[in-house]
$ cat entry_37.txt   # compact mmCIF, C-alpha atoms and all ligand atoms
# COMPACT_ATOMS: atom_id res chain seq x y z
CA MET U 1 24.26 13.44 12.31
CA THR U 2 27.07 11.45 10.69
CA SER U 3 27.00 10.28 7.09
CA ILE U 4 26.99 6.59 6.33
CA ILE U 5 27.29 7.22 2.59
CA SER U 6 28.96 10.08 0.76
CA ALA U 7 28.59 10.19 -3.00
CA ARG U 8 31.04 12.75 -4.34
CA GLY U 9 30.82 13.92 -7.90
CA VAL U 10 29.54 10.57 -9.10
CA SER U 11 28.96 10.17 -12.82
CA LYS U 12 28.34 7.04 -14.84
CA HIS U 13 28.51 6.34 -18.54
CA PHE U 14 27.42 3.20 -20.34
CA ALA U 15 29.13 3.48 -23.74
CA SER U 16 28.08 6.91 -25.02
CA GLN U 17 25.08 7.20 -22.67
CA GLN U 18 25.55 9.18 -19.48
CA VAL U 19 23.17 7.83 -16.86
CA LEU U 20 24.46 9.64 -13.75
CA HIS U 21 25.55 13.30 -13.72
CA ASP U 22 27.82 14.54 -10.96
CA ILE U 23 25.81 13.29 -8.01
CA ASP U 24 26.68 14.65 -4.58
CA LEU U 25 24.70 13.04 -1.81
CA GLU U 26 25.16 12.40 1.90
CA VAL U 27 23.08 9.64 3.43
CA ARG U 28 22.71 10.15 7.16
CA SER U 29 23.23 7.33 9.58
CA GLY U 30 19.88 6.07 10.87
CA GLU U 31 17.63 7.67 8.29
CA ILE U 32 15.24 6.28 5.71
CA LEU U 33 16.22 7.91 2.47
CA GLY U 34 13.94 7.51 -0.52
CA LEU U 35 15.14 7.91 -4.08
CA LEU U 36 12.27 8.84 -6.30
CA GLY U 37 12.31 9.07 -10.05
CA PRO U 38 10.79 7.70 -13.22
CA SER U 39 11.91 4.51 -14.90
CA GLY U 40 15.38 4.89 -16.37
CA ALA U 41 16.29 7.91 -14.21
CA GLY U 42 19.35 6.14 -12.83
CA LYS U 43 18.16 5.09 -9.36
CA SER U 44 19.27 1.46 -9.68
CA THR U 45 22.62 2.45 -11.13
CA LEU U 46 23.26 4.73 -8.16
CA VAL U 47 22.22 2.31 -5.44
CA LYS U 48 24.18 -0.52 -7.06
CA GLN U 49 27.24 1.66 -6.64
CA PHE U 50 26.42 2.20 -2.98
CA ALA U 51 26.14 -1.57 -2.61
CA GLY U 52 29.51 -2.03 -4.31
CA LEU U 53 28.11 -3.78 -7.38
CA GLU U 54 28.89 -1.03 -9.89
CA VAL U 55 31.68 1.50 -10.09
CA PRO U 56 31.33 5.15 -11.10
CA SER U 57 33.00 6.42 -14.29
CA SER U 58 34.18 9.39 -12.25
CA GLY U 59 33.77 10.53 -8.67
CA GLN U 60 33.57 8.18 -5.72
CA ASN U 61 31.26 6.65 -3.16
CA VAL U 62 32.43 6.37 0.41
CA VAL U 63 30.37 3.98 2.53
CA MET U 64 31.03 3.54 6.26
CA GLY U 65 34.30 5.34 5.77
CA HIS U 66 35.54 3.15 2.94
CA LYS U 67 35.76 3.86 -0.75
CA MET U 68 33.50 1.46 -2.59
CA PRO U 69 33.66 -1.22 -3.71
CA SER U 70 34.94 -2.62 -0.43
CA LEU U 71 34.37 -6.27 0.38
CA HIS U 72 34.49 -5.53 4.09
CA VAL U 73 31.70 -2.96 3.81
CA MET U 74 29.65 -5.07 1.42
CA GLN U 75 29.33 -7.68 4.16
CA GLN U 76 27.52 -5.10 6.30
CA ILE U 77 25.03 -4.18 3.62
CA GLY U 78 21.71 -5.85 2.91
CA TYR U 79 21.02 -5.32 -0.77
CA MET U 80 17.78 -6.20 -2.47
CA ALA U 81 17.99 -6.00 -6.23
CA GLN U 82 15.14 -5.02 -8.48
CA ALA U 83 15.00 -8.51 -9.99
CA ASP U 84 14.62 -11.29 -7.44
CA ALA U 85 17.73 -13.44 -7.25
CA LEU U 86 16.10 -16.58 -5.91
CA TYR U 87 16.33 -20.28 -6.72
CA SER U 88 12.87 -21.25 -7.89
CA GLU U 89 13.55 -24.98 -7.60
CA LEU U 90 14.25 -24.58 -3.88
CA THR U 91 11.84 -23.80 -1.05
CA ALA U 92 11.85 -20.41 0.65
CA LYS U 93 13.62 -21.87 3.65
CA GLU U 94 16.24 -23.54 1.47
CA ASN U 95 16.84 -20.25 -0.31
CA LEU U 96 17.37 -18.48 3.01
CA ASP U 97 19.62 -21.29 4.21
CA PHE U 98 21.72 -20.82 1.09
CA PHE U 99 22.07 -17.06 1.62
CA ALA U 100 22.72 -17.51 5.34
CA ALA U 101 25.59 -19.85 4.45
CA LEU U 102 26.97 -17.20 2.07
CA TYR U 103 26.87 -14.72 4.94
CA LYS U 104 28.71 -17.32 7.01
CA LEU U 105 26.13 -17.46 9.77
CA SER U 106 26.65 -20.35 12.18
CA LYS U 107 24.11 -23.17 12.15
CA LYS U 108 22.47 -21.86 15.29
CA GLN U 109 22.36 -18.26 14.05
CA ARG U 110 20.98 -19.49 10.77
CA ARG U 111 18.05 -21.24 12.38
CA ARG U 112 17.23 -18.24 14.53
CA ARG U 113 17.57 -15.63 11.82
CA ILE U 114 15.67 -17.62 9.20
CA ALA U 115 12.72 -17.90 11.58
CA GLU U 116 12.96 -14.19 12.43
CA VAL U 117 13.14 -12.89 8.87
CA LEU U 118 10.35 -15.20 7.71
CA ALA U 119 8.18 -13.72 10.46
CA ILE U 120 9.13 -10.16 9.49
CA VAL U 121 7.91 -10.66 5.92
CA ASN U 122 5.00 -12.84 7.02
CA LEU U 123 5.98 -15.94 5.06
CA GLN U 124 6.21 -18.48 7.89
CA GLU U 125 3.33 -20.51 6.54
CA HIS U 126 4.90 -20.69 3.11
CA ALA U 127 8.43 -21.44 4.21
CA ASN U 128 8.45 -24.97 2.87
CA LYS U 129 6.89 -24.22 -0.50
CA LEU U 130 8.91 -24.10 -3.67
CA VAL U 131 9.65 -20.57 -4.79
CA SER U 132 8.40 -21.56 -8.26
CA SER U 133 4.91 -21.61 -6.70
CA TYR U 134 5.31 -18.11 -5.22
CA SER U 135 3.53 -15.00 -6.47
CA GLY U 136 5.54 -11.93 -7.48
CA GLY U 137 4.81 -10.22 -4.16
CA MET U 138 5.86 -13.30 -2.18
CA LYS U 139 9.13 -13.40 -4.07
CA ARG U 140 9.75 -9.72 -3.26
CA ARG U 141 9.11 -10.45 0.41
CA LEU U 142 11.47 -13.41 0.35
CA SER U 143 14.14 -11.25 -1.28
CA LEU U 144 13.67 -8.73 1.51
CA ALA U 145 13.99 -11.51 4.08
CA ALA U 146 17.25 -12.60 2.47
CA ALA U 147 18.60 -9.04 2.61
CA LEU U 148 17.84 -8.90 6.36
CA LEU U 149 19.42 -12.24 7.30
CA HIS U 150 22.80 -11.01 8.47
CA GLU U 151 21.34 -8.04 10.40
CA PRO U 152 23.07 -5.45 8.22
CA GLU U 153 23.63 -1.88 9.39
CA LEU U 154 22.69 -0.53 5.99
CA LEU U 155 19.81 -1.72 3.83
CA ILE U 156 19.71 -0.82 0.16
CA LEU U 157 16.38 -1.81 -1.30
CA ASP U 158 15.64 -1.36 -4.98
CA GLU U 159 11.87 -1.05 -5.38
CA PRO U 160 11.16 -3.42 -2.50
CA THR U 161 7.39 -3.22 -2.63
CA VAL U 162 6.71 -3.73 -6.33
CA GLY U 163 3.88 -6.21 -6.75
CA ILE U 164 2.96 -6.12 -3.07
CA ASP U 165 -0.62 -5.34 -2.09
CA PRO U 166 -1.40 -2.23 -0.01
CA VAL U 167 -2.03 -4.11 3.26
CA LEU U 168 1.27 -5.92 3.14
CA ARG U 169 3.04 -2.84 1.85
CA LYS U 170 1.94 -1.06 4.99
CA GLN U 171 3.33 -3.89 7.10
CA ILE U 172 6.61 -3.79 5.25
CA TRP U 173 6.89 -0.06 5.80
CA GLN U 174 6.25 -0.67 9.48
CA THR U 175 9.18 -3.10 9.34
CA PHE U 176 11.35 -0.37 7.80
CA HIS U 177 10.42 1.99 10.62
CA ASP U 178 11.14 -0.73 13.20
CA LEU U 179 14.56 -1.30 11.63
CA LYS U 180 15.20 2.42 11.72
CA GLN U 181 14.27 2.45 15.42
CA ALA U 182 16.87 -0.27 15.87
CA GLY U 183 19.43 2.13 14.39
CA LYS U 184 19.63 0.83 10.81
CA THR U 185 19.93 3.05 7.78
CA ILE U 186 17.64 2.33 4.84
CA ILE U 187 17.76 3.49 1.25
CA VAL U 188 14.68 2.72 -0.80
CA THR U 189 14.13 3.43 -4.47
CA THR U 190 10.57 3.93 -5.55
CA HIS U 191 8.33 5.55 -8.05
CA VAL U 192 5.34 5.33 -5.76
CA MET U 193 4.51 8.79 -4.43
CA ASP U 194 2.79 7.72 -1.21
CA GLU U 195 5.85 5.67 -0.29
CA ALA U 196 8.04 8.68 -0.90
CA GLU U 197 6.13 10.56 1.79
CA LYS U 198 7.02 7.91 4.36
CA CYS U 199 10.76 8.56 4.04
CA ASP U 200 12.71 10.85 6.37
CA ARG U 201 14.30 12.50 3.37
CA LEU U 202 13.72 12.21 -0.29
CA GLY U 203 16.06 12.55 -3.23
CA MET U 204 14.41 13.24 -6.55
CA ILE U 205 16.23 11.91 -9.58
CA ARG U 206 15.58 12.71 -13.19
CA ASP U 207 17.81 11.96 -16.17
CA GLY U 208 20.64 10.94 -13.87
CA LYS U 209 20.57 14.19 -11.92
CA LEU U 210 19.65 14.75 -8.29
CA ILE U 211 17.16 17.56 -8.80
CA ALA U 212 16.00 17.92 -5.19
CA LEU U 213 16.81 16.61 -1.73
CA GLY U 214 15.07 17.20 1.57
CA THR U 215 12.35 16.07 3.91
CA PRO U 216 9.03 15.50 2.12
CA ASN U 217 7.63 18.52 4.00
CA ALA U 218 10.51 20.78 3.04
CA LEU U 219 10.13 19.80 -0.61
CA LEU U 220 6.41 20.60 -0.48
CA GLN U 221 7.07 23.95 1.20
CA GLN U 222 9.86 24.91 -1.15
CA THR U 223 7.70 24.26 -4.20
CA GLU U 224 4.48 25.46 -2.58
CA THR U 225 2.78 22.31 -3.71
CA ALA U 226 0.36 19.95 -1.97
CA SER U 227 1.73 16.60 -3.14
CA ILE U 228 5.07 14.95 -3.79
CA GLU U 229 3.99 14.37 -7.36
CA GLU U 230 3.42 18.11 -7.90
CA ALA U 231 6.68 18.90 -6.12
CA PHE U 232 8.52 16.52 -8.44
CA LEU U 233 7.04 18.29 -11.44
CA ALA U 234 7.88 21.69 -9.97
CA TYR U 235 11.54 20.64 -9.70
CA GLY U 236 11.46 19.81 -13.39
CA GLY U 237 10.86 16.11 -13.02
CA ALA U 238 8.50 15.84 -15.99
N1 LIG A 1 24.63 -2.36 -17.53
C1 LIG A 1 24.09 -1.41 -18.30
N2 LIG A 1 24.49 -1.25 -19.59
C2 LIG A 1 23.96 -0.28 -20.35
N3 LIG A 1 23.01 0.58 -19.95
C3 LIG A 1 22.55 0.47 -18.69
C4 LIG A 1 23.07 -0.54 -17.80
N4 LIG A 1 22.45 -0.40 -16.62
C5 LIG A 1 21.57 0.61 -16.75
N5 LIG A 1 21.64 1.14 -17.99
C6 LIG A 1 20.85 2.29 -18.49
O1 LIG A 1 20.98 3.32 -17.56
C7 LIG A 1 19.78 4.07 -17.46
C8 LIG A 1 19.35 4.14 -16.02
O2 LIG A 1 18.92 2.85 -15.59
P1 LIG A 1 18.52 2.51 -14.10
O3 LIG A 1 18.13 1.07 -14.06
O4 LIG A 1 19.56 2.97 -13.19
O5 LIG A 1 17.23 3.41 -13.92
P2 LIG A 1 16.12 3.35 -12.79
O6 LIG A 1 15.87 4.74 -12.38
O7 LIG A 1 16.54 2.41 -11.74
O8 LIG A 1 14.86 2.83 -13.57
P3 LIG A 1 13.89 1.60 -13.22
O9 LIG A 1 13.03 2.06 -12.11
O10 LIG A 1 13.16 1.34 -14.48
O11 LIG A 1 14.82 0.50 -12.84
C9 LIG A 1 18.77 3.37 -18.37
O12 LIG A 1 18.71 4.06 -19.57
C10 LIG A 1 19.38 2.00 -18.57
O13 LIG A 1 19.03 1.48 -19.82
$ encode --input "entry_37.txt" --output "structure tokens"
Amino acid sequence: MTSIISARGVSKHFASQQVLHDIDLEVRSGEILGLLGPSGAGKSTLVKQFAGLEVPSSGQNVVMGHKMPSLHVMQQIGYMAQADALYSELTAKENLDFFAALYKLSKKQRRRRIAEVLAIVNLQEHANKLVSSYSGGMKRRLSLAAALLHEPELLILDEPTVGIDPVLRKQIWQTFHDLKQAGKTIIVTTHVMDEAEKCDRLGMIRDGKLIALGTPNALLQQTETASIEEAFLAYGGA
């Protein structure tokens, strides 16, 4: 399988703090890769680099054959940040219209895609409400919808299901699997163990280091543990 992302010797310092240590990682085209690790482990810093929003202090990230940051590649990525970047004084539909314009979708495409992504995240009935009236989970779903608008090949989702109830979380994971079936590649950061199990492969990150990488099953077998949580601990992810 071909790689869509190659991180090669990626390190990152913020002032004297080193938050990423020599990360080597290949993300395979068409997979759902989970990045699991505790708060502050460096997950967001790494995926921001993949999305072209941060640069490494040393090493490099090659995405779709281009060294990041590349504007051309960034247009083919759907990135959902950890903090929702939405306009609360606008409605959901107006927000999506704004992002669709940024992605330069034609008027016709815009109308079609906005309806489609609203359906995917199950917000059709709330499309004309102000985002200021939205719950945290609704805002997450709208952010996901915005990341899907331009039908990107690669989705980079930073804790996409935070604040979302289990029923809807299940639906959203179904959406991820549907997108995968359609050939998309998805990177998801999480610290929820049961989500980690739903990924094709899992990278475990602690203190800026990739301490393990493999299918959830392989990680369980290697550590002779019965849960991802125990496996994480066995790899030294205290
Ligand atoms: N722009 C920045 N300037 C300084 N320090 C930063 C910056 N961005 C991140 N950090 C630090 O880098 C470390 C890793 O942060 P990061 O957000 O990547 O972790 P994370 O694994 O995504 O955690 P969380 O799940 O809480 O977001 C933290 O100690 C954080 O304070």
$ closest_atom_pairs --input "entry_37.txt" --of "chain U" --to "ligand LIG 1 (chain A)" --cutoff "7 Å" --atoms "only C-alpha atoms and all ligand atoms" --output "Markdown table"
| residue | atom | partner | partner_atom | distance |
| --- | --- | --- | --- | --- |
| U:Phe14 | CA | A:LIG1 | C2 | 4.9 |
| U:Val19 | CA | A:LIG1 | O1 | 5.1 |
| U:Gly37 | CA | A:LIG1 | O6 | 6.1 |
| U:Pro38 | CA | A:LIG1 | O6 | 5.9 |
| U:Ser39 | CA | A:LIG1 | O10 | 3.4 |
| U:Gly40 | CA | A:LIG1 | O5 | 3.4 |
| U:Ala41 | CA | A:LIG1 | O6 | 3.7 |
| U:Gly42 | CA | A:LIG1 | O4 | 3.2 |
| U:Lys43 | CA | A:LIG1 | O6 | 3.8 |
| U:Ser44 | CA | A:LIG1 | O7 | 3.5 |
| U:Thr45 | CA | A:LIG1 | O4 | 3.7 |
| U:Leu46 | CA | A:LIG1 | O4 | 6.5 |
$ write_last_selection --input "entry_37.txt" --atoms "C-alpha atoms" --output "short mmCIF file (atom, residue, chain, number, x, y, z; two decimals), in the frame of the given file"
data_model
loop_
_atom_site.label_atom_id
_atom_site.label_comp_id
_atom_site.auth_asym_id
_atom_site.auth_seq_id
_atom_site.Cartn_x
_atom_site.Cartn_y
_atom_site.Cartn_z
CA PHE U 14 27.42 3.20 -20.34
CA VAL U 19 23.17 7.83 -16.86
CA GLY U 37 12.31 9.07 -10.05
CA PRO U 38 10.79 7.70 -13.22
CA SER U 39 11.91 4.51 -14.90
CA GLY U 40 15.38 4.89 -16.37
CA ALA U 41 16.29 7.91 -14.21
CA GLY U 42 19.35 6.14 -12.83
CA LYS U 43 18.16 5.09 -9.36
CA SER U 44 19.27 1.46 -9.68
CA THR U 45 22.62 2.45 -11.13
CA LEU U 46 23.26 4.73 -8.16
#
$ atom_distance --input "entry_37.txt" --atom1 "CA of Ser132 in chain U" --atom2 "CA of Lys93 in chain U"
13.0 Å
$ residues_around --input "entry_37.txt" --residues "range 201-204 of chain U" --least-positions-apart "2" --cutoff "10 Å" --atoms "only C-alpha atoms" --output "PyMOL selection string"
chain U and resi 25+27-28+31-38+41+43+187-189+191+196-199+206+208-219+228+231-232+235-237
$ closest_residue --input "entry_37.txt" --among "U:Leu149, U:Met64, U:Val10, U:Ile172" --to "Gln49 in chain U" --atoms "all atoms listed in the file"
U:Val10
$ atom_distance --input "entry_37.txt" --atom1 "CA of Phe99 in chain U" --atom2 "CA of His150 in chain U"
9.2 Å
$ atom_distance --input "entry_37.txt" --atom1 "CA of Asn122 in chain U" --atom2 "CA of Gln76 in chain U"
23.8 Å
$ closest_atom_pairs --input "entry_37.txt" --of "range 118-152 of chain U" --to "range 175-179 of chain U" --cutoff "12 Å" --atoms "only C-alpha atoms" --output "CSV"
residue,atom,partner,partner_atom,distance
U:Ala119,CA,U:Thr175,CA,10.7
U:Ile120,CA,U:Thr175,CA,7.1
U:Val121,CA,U:Thr175,CA,8.4
U:Asn122,CA,U:Thr175,CA,10.8
U:Arg141,CA,U:Thr175,CA,11.6
U:Leu144,CA,U:Thr175,CA,10.6
U:Ala145,CA,U:Thr175,CA,11.0
U:Leu148,CA,U:Leu179,CA,9.8
U:Glu151,CA,U:Leu179,CA,9.6
U:Pro152,CA,U:Leu179,CA,10.1
$ axis_aligned_box --input "entry_37.txt" --around "range 35-48 of chain U" --padding-each-side "5 Å" --output "JSON"
{"center_x": 17.5, "center_y": 4.3, "center_z": -10.2, "size_x": 23.4, "size_y": 19.6, "size_z": 22.3}
$ closest_residue --input "entry_37.txt" --among "U:Ala115, U:Ile23, U:Ile77, U:Leu233" --to "Leu220 in chain U" --atoms "all atoms listed in the file"
U:Leu233
$ closest_residue --input "entry_37.txt" --among "U:Val162, U:Ala226, U:Val55, U:Ala92" --to "Glu195 in chain U" --atoms "all atoms listed in the file"
U:Val162
$ closest_residue --input "entry_37.txt" --among "U:Ser57, U:Ser70, U:Gln222, U:Thr161" --to "Val192 in chain U" --atoms "all atoms listed in the file"
U:Thr161
$ closest_residue --input "entry_37.txt" --among "U:Ile5, U:Glu116, U:Leu168, U:Leu20" --to "Met68 in chain U" --atoms "only C-alpha atoms"
U:Ile5
$ closest_residue --input "entry_37.txt" --among "U:Ala147, U:Ala83, U:Val167, U:Ile205" --to "Ala51 in chain U" --atoms "only C-alpha atoms"
U:Ala147
$ residues_around --input "entry_37.txt" --residues "range 72-74 of chain U" --least-positions-apart "6" --cutoff "10 Å" --atoms "all atoms listed in the file" --output "MDAnalysis selection string"
chainID U and resid 50:53 62:66 152:154
$ residues_around --input "entry_37.txt" --residues "Leu96 in chain U" --least-positions-apart "6" --cutoff "10 Å" --atoms "only C-alpha atoms" --output "PyMOL selection string"
chain U and resi 86-87+90+102+110-111+113-115+117-118+127+142-143+145-147+149
